[in-house]
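Colleague: Input file: protein13.pdb. Contents: PDB, C-alpha atoms.
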```pdb
ATOM      1  CA  MET I   1       0.000   0.000   0.000  1.00  0.00           C
ATOM      2  CA  HIS I   2       1.328   3.437  -0.938  1.00  0.00           C
ATOM      3  CA  ILE I   3       1.181   6.338   1.504  1.00  0.00           C
ATOM      4  CA  ALA I   4       0.475   8.798  -1.284  1.00  0.00           C
ATOM      5  CA  THR I   5      -0.292   8.458  -4.943  1.00  0.00           C
ATOM      6  CA  THR I   6       0.951  10.797  -7.633  1.00  0.00           C
ATOM      7  CA  LEU I   7      -0.690  12.366 -10.648  1.00  0.00           C
ATOM      8  CA  GLN I   8       1.108  13.841 -13.600  1.00  0.00           C
ATOM      9  CA  PHE I   9       0.329  17.524 -14.301  1.00  0.00           C
ATOM     10  CA  ASP I  10       1.903  20.055 -16.615  1.00  0.00           C
ATOM     11  CA  LYS I  11       3.812  21.615 -13.719  1.00  0.00           C
ATOM     12  CA  GLY I  12       5.086  18.366 -12.272  1.00  0.00           C
ATOM     13  CA  GLN I  13       4.035  15.709  -9.825  1.00  0.00           C
ATOM     14  CA  ARG I  14       1.557  16.413  -7.049  1.00  0.00           C
ATOM     15  CA  LYS I  15       0.879  14.318  -3.950  1.00  0.00           C
ATOM     16  CA  ILE I  16      -2.679  13.474  -3.027  1.00  0.00           C
ATOM     17  CA  LEU I  17      -3.408  13.074   0.677  1.00  0.00           C
ATOM     18  CA  LYS I  18      -5.014   9.868   1.745  1.00  0.00           C
ATOM     19  CA  ARG I  19      -8.378   9.769   3.455  1.00  0.00           C
ATOM     20  CA  ALA I  20      -8.377   9.880   7.246  1.00  0.00           C
ATOM     21  CA  TRP I  21      -9.023   6.147   7.624  1.00  0.00           C
ATOM     22  CA  GLU I  22      -6.143   5.378   5.229  1.00  0.00           C
ATOM     23  CA  ARG I  23      -3.555   7.450   7.117  1.00  0.00           C
ATOM     24  CA  PRO I  24      -0.999   5.664   9.282  1.00  0.00           C
ATOM     25  CA  PRO I  25      -1.902   5.349  12.986  1.00  0.00           C
ATOM     26  CA  PHE I  26       1.097   7.422  14.106  1.00  0.00           C
ATOM     27  CA  MET I  27      -0.253  10.447  12.204  1.00  0.00           C
ATOM     28  CA  VAL I  28      -3.646  10.079  13.874  1.00  0.00           C
ATOM     29  CA  ALA I  29      -2.025   9.709  17.305  1.00  0.00           C
ATOM     30  CA  LYS I  30       0.085  12.813  16.682  1.00  0.00           C
ATOM     31  CA  ARG I  31      -2.974  14.829  15.655  1.00  0.00           C
ATOM     32  CA  ASN I  32      -4.909  13.638  18.713  1.00  0.00           C
ATOM     33  CA  ALA I  33      -2.017  14.591  21.006  1.00  0.00           C
ATOM     34  CA  ARG I  34      -1.938  18.107  19.508  1.00  0.00           C
ATOM     35  CA  GLU I  35      -5.677  18.462  20.067  1.00  0.00           C
ATOM     36  CA  ARG I  36      -5.401  17.253  23.680  1.00  0.00           C
ATOM     37  CA  THR I  37      -2.640  19.802  24.313  1.00  0.00           C
ATOM     38  CA  ARG I  38      -4.720  22.582  22.775  1.00  0.00           C
ATOM     39  CA  VAL I  39      -7.837  21.693  24.792  1.00  0.00           C
ATOM     40  CA  HIS I  40      -5.765  21.481  27.983  1.00  0.00           C
ATOM     41  CA  ALA I  41      -4.313  24.971  27.344  1.00  0.00           C
ATOM     42  CA  VAL I  42      -7.790  26.426  26.734  1.00  0.00           C
ATOM     43  CA  ASN I  43      -9.136  24.825  29.917  1.00  0.00           C
ATOM     44  CA  GLN I  44      -6.194  26.166  31.949  1.00  0.00           C
ATOM     45  CA  ALA I  45      -6.876  29.660  30.582  1.00  0.00           C
ATOM     46  CA  PHE I  46     -10.506  29.422  31.724  1.00  0.00           C
ATOM     47  CA  VAL I  47      -9.396  28.301  35.199  1.00  0.00           C
ATOM     48  CA  ALA I  48      -7.055  31.306  35.403  1.00  0.00           C
ATOM     49  CA  LEU I  49      -9.817  33.660  34.229  1.00  0.00           C
ATOM     50  CA  LYS I  50     -12.266  32.165  36.737  1.00  0.00           C
ATOM     51  CA  PHE I  51      -9.791  32.821  39.557  1.00  0.00           C
ATOM     52  CA  HIS I  52      -9.721  36.555  38.720  1.00  0.00           C
ATOM     53  CA  LEU I  53     -13.515  36.979  38.755  1.00  0.00           C
ATOM     54  CA  PRO I  54     -14.906  37.745  42.216  1.00  0.00           C
ATOM     55  CA  ALA I  55     -18.372  36.471  41.299  1.00  0.00           C
ATOM     56  CA  ILE I  56     -17.269  32.898  40.573  1.00  0.00           C
ATOM     57  CA  ARG I  57     -13.915  32.498  42.281  1.00  0.00           C
ATOM     58  CA  SER I  58     -14.944  29.567  44.510  1.00  0.00           C
ATOM     59  CA  ASN I  59     -14.053  26.012  43.560  1.00  0.00           C
ATOM     60  CA  ALA I  60     -17.220  24.575  45.106  1.00  0.00           C
ATOM     61  CA  LYS I  61     -19.044  24.013  41.832  1.00  0.00           C
ATOM     62  CA  ARG I  62     -17.983  23.563  38.243  1.00  0.00           C
ATOM     63  CA  VAL I  63     -18.890  26.612  36.180  1.00  0.00           C
ATOM     64  CA  SER I  64     -19.428  26.463  32.429  1.00  0.00           C
ATOM     65  CA  LYS I  65     -17.117  28.325  30.075  1.00  0.00           C
ATOM     66  CA  LEU I  66     -20.045  30.408  28.887  1.00  0.00           C
ATOM     67  CA  LYS I  67     -20.815  31.576  32.431  1.00  0.00           C
ATOM     68  CA  ILE I  68     -17.142  32.404  32.993  1.00  0.00           C
ATOM     69  CA  LEU I  69     -17.074  34.509  29.821  1.00  0.00           C
ATOM     70  CA  ARG I  70     -20.311  36.305  30.701  1.00  0.00           C
ATOM     71  CA  ALA I  71     -19.061  37.033  34.211  1.00  0.00           C
ATOM     72  CA  ALA I  72     -15.799  38.372  32.760  1.00  0.00           C
ATOM     73  CA  ILE I  73     -17.702  40.683  30.404  1.00  0.00           C
ATOM     74  CA  THR I  74     -19.823  41.966  33.279  1.00  0.00           C
ATOM     75  CA  TYR I  75     -16.792  42.448  35.523  1.00  0.00           C
ATOM     76  CA  ILE I  76     -14.845  44.311  32.828  1.00  0.00           C
ATOM     77  CA  GLY I  77     -17.858  46.568  32.229  1.00  0.00           C
ATOM     78  CA  ALA I  78     -18.108  47.321  35.952  1.00  0.00           C
ATOM     79  CA  LEU I  79     -14.402  48.111  36.197  1.00  0.00           C
ATOM     80  CA  THR I  80     -14.643  50.344  33.126  1.00  0.00           C
ATOM     81  CA  ASP I  81     -17.512  52.280  34.682  1.00  0.00           C
ATOM     82  CA  LEU I  82     -15.581  52.556  37.930  1.00  0.00           C
ATOM     83  CA  LEU I  83     -12.495  53.926  36.161  1.00  0.00           C
ATOM     84  CA  ARG I  84     -14.567  56.446  34.253  1.00  0.00           C
ATOM     85  CA  GLY I  85     -15.860  57.731  37.552  1.00  0.00           C
ATOM     86  CA  ASN I  86     -19.528  57.026  36.988  1.00  0.00           C
ATOM     87  CA  ALA I  87     -21.272  57.623  40.292  1.00  0.00           C
ATOM     88  CA  ASP I  88     -24.274  55.447  39.421  1.00  0.00           C
ATOM     89  CA  PHE I  89     -23.294  52.948  42.101  1.00  0.00           C
ATOM     90  CA  PRO I  90     -21.204  53.555  45.214  1.00  0.00           C
ATOM     91  CA  GLN I  91     -19.901  49.982  45.575  1.00  0.00           C
ATOM     92  CA  LEU I  92     -19.494  47.061  43.245  1.00  0.00           C
ATOM     93  CA  LYS I  93     -21.777  44.272  44.387  1.00  0.00           C
ATOM     94  CA  PHE I  94     -21.054  40.878  42.937  1.00  0.00           C
ATOM     95  CA  PRO I  95     -23.355  37.887  43.260  1.00  0.00           C
ATOM     96  CA  GLU I  96     -22.605  35.153  45.754  1.00  0.00           C
ATOM     97  CA  THR I  97     -23.280  32.197  43.465  1.00  0.00           C
ATOM     98  CA  PRO I  98     -22.108  31.468  39.921  1.00  0.00           C
ATOM     99  CA  ASN I  99     -25.673  31.163  38.639  1.00  0.00           C
ATOM    100  CA  GLN I 100     -26.401  34.753  39.614  1.00  0.00           C
ATOM    101  CA  CYS I 101     -23.420  36.114  37.705  1.00  0.00           C
ATOM    102  CA  CYS I 102     -25.118  35.632  34.381  1.00  0.00           C
ATOM    103  CA  ASP I 103     -28.604  36.788  35.312  1.00  0.00           C
ATOM    104  CA  LYS I 104     -29.947  39.840  33.586  1.00  0.00           C
ATOM    105  CA  THR I 105     -30.853  41.271  37.011  1.00  0.00           C
ATOM    106  CA  MET I 106     -27.285  41.699  38.214  1.00  0.00           C
ATOM    107  CA  ASN I 107     -26.529  44.713  40.414  1.00  0.00           C
ATOM    108  CA  ILE I 108     -23.866  46.087  38.076  1.00  0.00           C
ATOM    109  CA  PRO I 109     -25.306  48.352  35.398  1.00  0.00           C
ATOM    110  CA  SER I 110     -24.507  47.299  31.875  1.00  0.00           C
ATOM    111  CA  ARG I 111     -23.990  49.841  29.148  1.00  0.00           C
ATOM    112  CA  SER I 112     -24.215  49.554  25.412  1.00  0.00           C
ATOM    113  CA  ARG I 113     -21.394  50.545  23.096  1.00  0.00           C
ATOM    114  CA  GLN I 114     -23.361  53.608  21.966  1.00  0.00           C
ATOM    115  CA  GLU I 115     -23.905  54.737  25.578  1.00  0.00           C
ATOM    116  CA  ASN I 116     -20.175  54.356  26.234  1.00  0.00           C
ATOM    117  CA  GLN I 117     -19.340  56.446  23.155  1.00  0.00           C
ATOM    118  CA  ILE I 118     -21.757  59.173  24.245  1.00  0.00           C
ATOM    119  CA  SER I 119     -20.323  59.036  27.763  1.00  0.00           C
ATOM    120  CA  ASN I 120     -16.785  59.339  26.376  1.00  0.00           C
ATOM    121  CA  LYS I 121     -17.774  62.418  24.351  1.00  0.00           C
ATOM    122  CA  ASP I 122     -19.422  63.966  27.422  1.00  0.00           C
ATOM    123  CA  ASP I 123     -16.312  63.277  29.504  1.00  0.00           C
ATOM    124  CA  VAL I 124     -14.094  64.915  26.886  1.00  0.00           C
ATOM    125  CA  MET I 125     -16.372  67.959  26.692  1.00  0.00           C
ATOM    126  CA  LYS I 126     -16.465  68.313  30.493  1.00  0.00           C
ATOM    127  CA  ARG I 127     -12.682  68.006  30.667  1.00  0.00           C
ATOM    128  CA  GLU I 128     -12.227  70.664  27.968  1.00  0.00           C
ATOM    129  CA  GLU I 129     -14.664  73.022  29.717  1.00  0.00           C
ATOM    130  CA  SER I 130     -12.815  72.519  32.994  1.00  0.00           C
ATOM    131  CA  GLN I 131      -9.468  73.261  31.346  1.00  0.00           C
ATOM    132  CA  GLN I 132     -10.858  76.398  29.685  1.00  0.00           C
ATOM    133  CA  CYS I 133     -12.308  77.598  32.996  1.00  0.00           C
ATOM    134  CA  GLN I 134      -8.991  76.949  34.730  1.00  0.00           C
ATOM    135  CA  GLN I 135      -7.103  78.852  32.008  1.00  0.00           C
ATOM    136  CA  ARG I 136      -9.486  81.820  32.356  1.00  0.00           C
ATOM    137  CA  THR I 137      -8.991  81.834  36.117  1.00  0.00           C
ATOM    138  CA  GLU I 138      -5.205  81.728  35.737  1.00  0.00           C
ATOM    139  CA  HIS I 139      -5.363  84.498  33.126  1.00  0.00           C
ATOM    140  CA  GLN I 140      -7.495  86.651  35.432  1.00  0.00           C
ATOM    141  CA  ASN I 141      -5.109  86.039  38.333  1.00  0.00           C
ATOM    142  CA  ILE I 142      -2.165  87.170  36.210  1.00  0.00           C
ATOM    143  CA  HIS I 143      -3.946  90.432  35.298  1.00  0.00           C
ATOM    144  CA  TYR I 144      -5.068  90.967  38.892  1.00  0.00           C
ATOM    145  CA  ILE I 145      -1.513  90.564  40.229  1.00  0.00           C
ATOM    146  CA  ALA I 146      -0.028  92.919  37.611  1.00  0.00           C
TER     147      ALA I 146
END
```
Before anything else, please render the file you have as structure tokens.
Modeller:
Amino acid sequence: MHIATTLQFDKGQRKILKRAWERPPFMVAKRNARERTRVHAVNQAFVALKFHLPAIRSNAKRVSKLKILRAAITYIGALTDLLRGNADFPQLKFPETPNQCCDKTMNIPSRSRQENQISNKDDVMKREESQQCQQRTEHQNIHYIA
């Protein structure tokens, strides 16, 4: 049995890959080992992400990858709001159980991309107004001193 057959073309010979069931067992074993390594790396990344999320940090119950991702999205949104200085909520309140982290009724307000863009524009405008006011005050102080 040949591992690969050849066909004659104008540009030379070309190898044709065999079907999966015709491939040698060592190739299949190698492919399976690569897939196991990849899956293990992905699972380890989810464990690391889960550890950084206060809502689902406990090891008491297995949490699905989808719930981990949703909790991460919610947590990142809450941290973003906190960094932007939104005073909508005085403290971040995270749910006690993993099932609550993905509920739509979570205590952390979620914002759409459009709301964030509007908020960013408002923040920039407020900052510019504050800088202009400060410059006017400094300018007036200079004239007052002179």
Colleague: So how many Å separate CA of Leu49 (chain I) and CA of Ile76 (chain I), to one decimal?
Modeller: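 Between CA of Leu49 (chain I) and CA of Ile76 (chain I) the gap works out to 11.9 Å.
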Colleague: I'd like the residues picked by the PyMOL selection byres ((chain I and resi 64-71) around 7) written out as a PyMOL selection string, using the chain letters and numbers from the file.
Modeller: chain I and resi 46+50+62-63+72-75+101-102
Colleague: Tell me, in Å to one decimal, how far CA of Ala48 (chain I) is from CA of Arg31 (chain I).
Modeller: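 Here the two named atoms are 26.0 Å from each other.
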Colleague: Distance CA of Thr80 (chain I)-CA of Phe51 (chain I), one decimal place?
Modeller: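 Result for CA of Thr80 (chain I) versus CA of Phe51 (chain I): 19.3 Å, one decimal.
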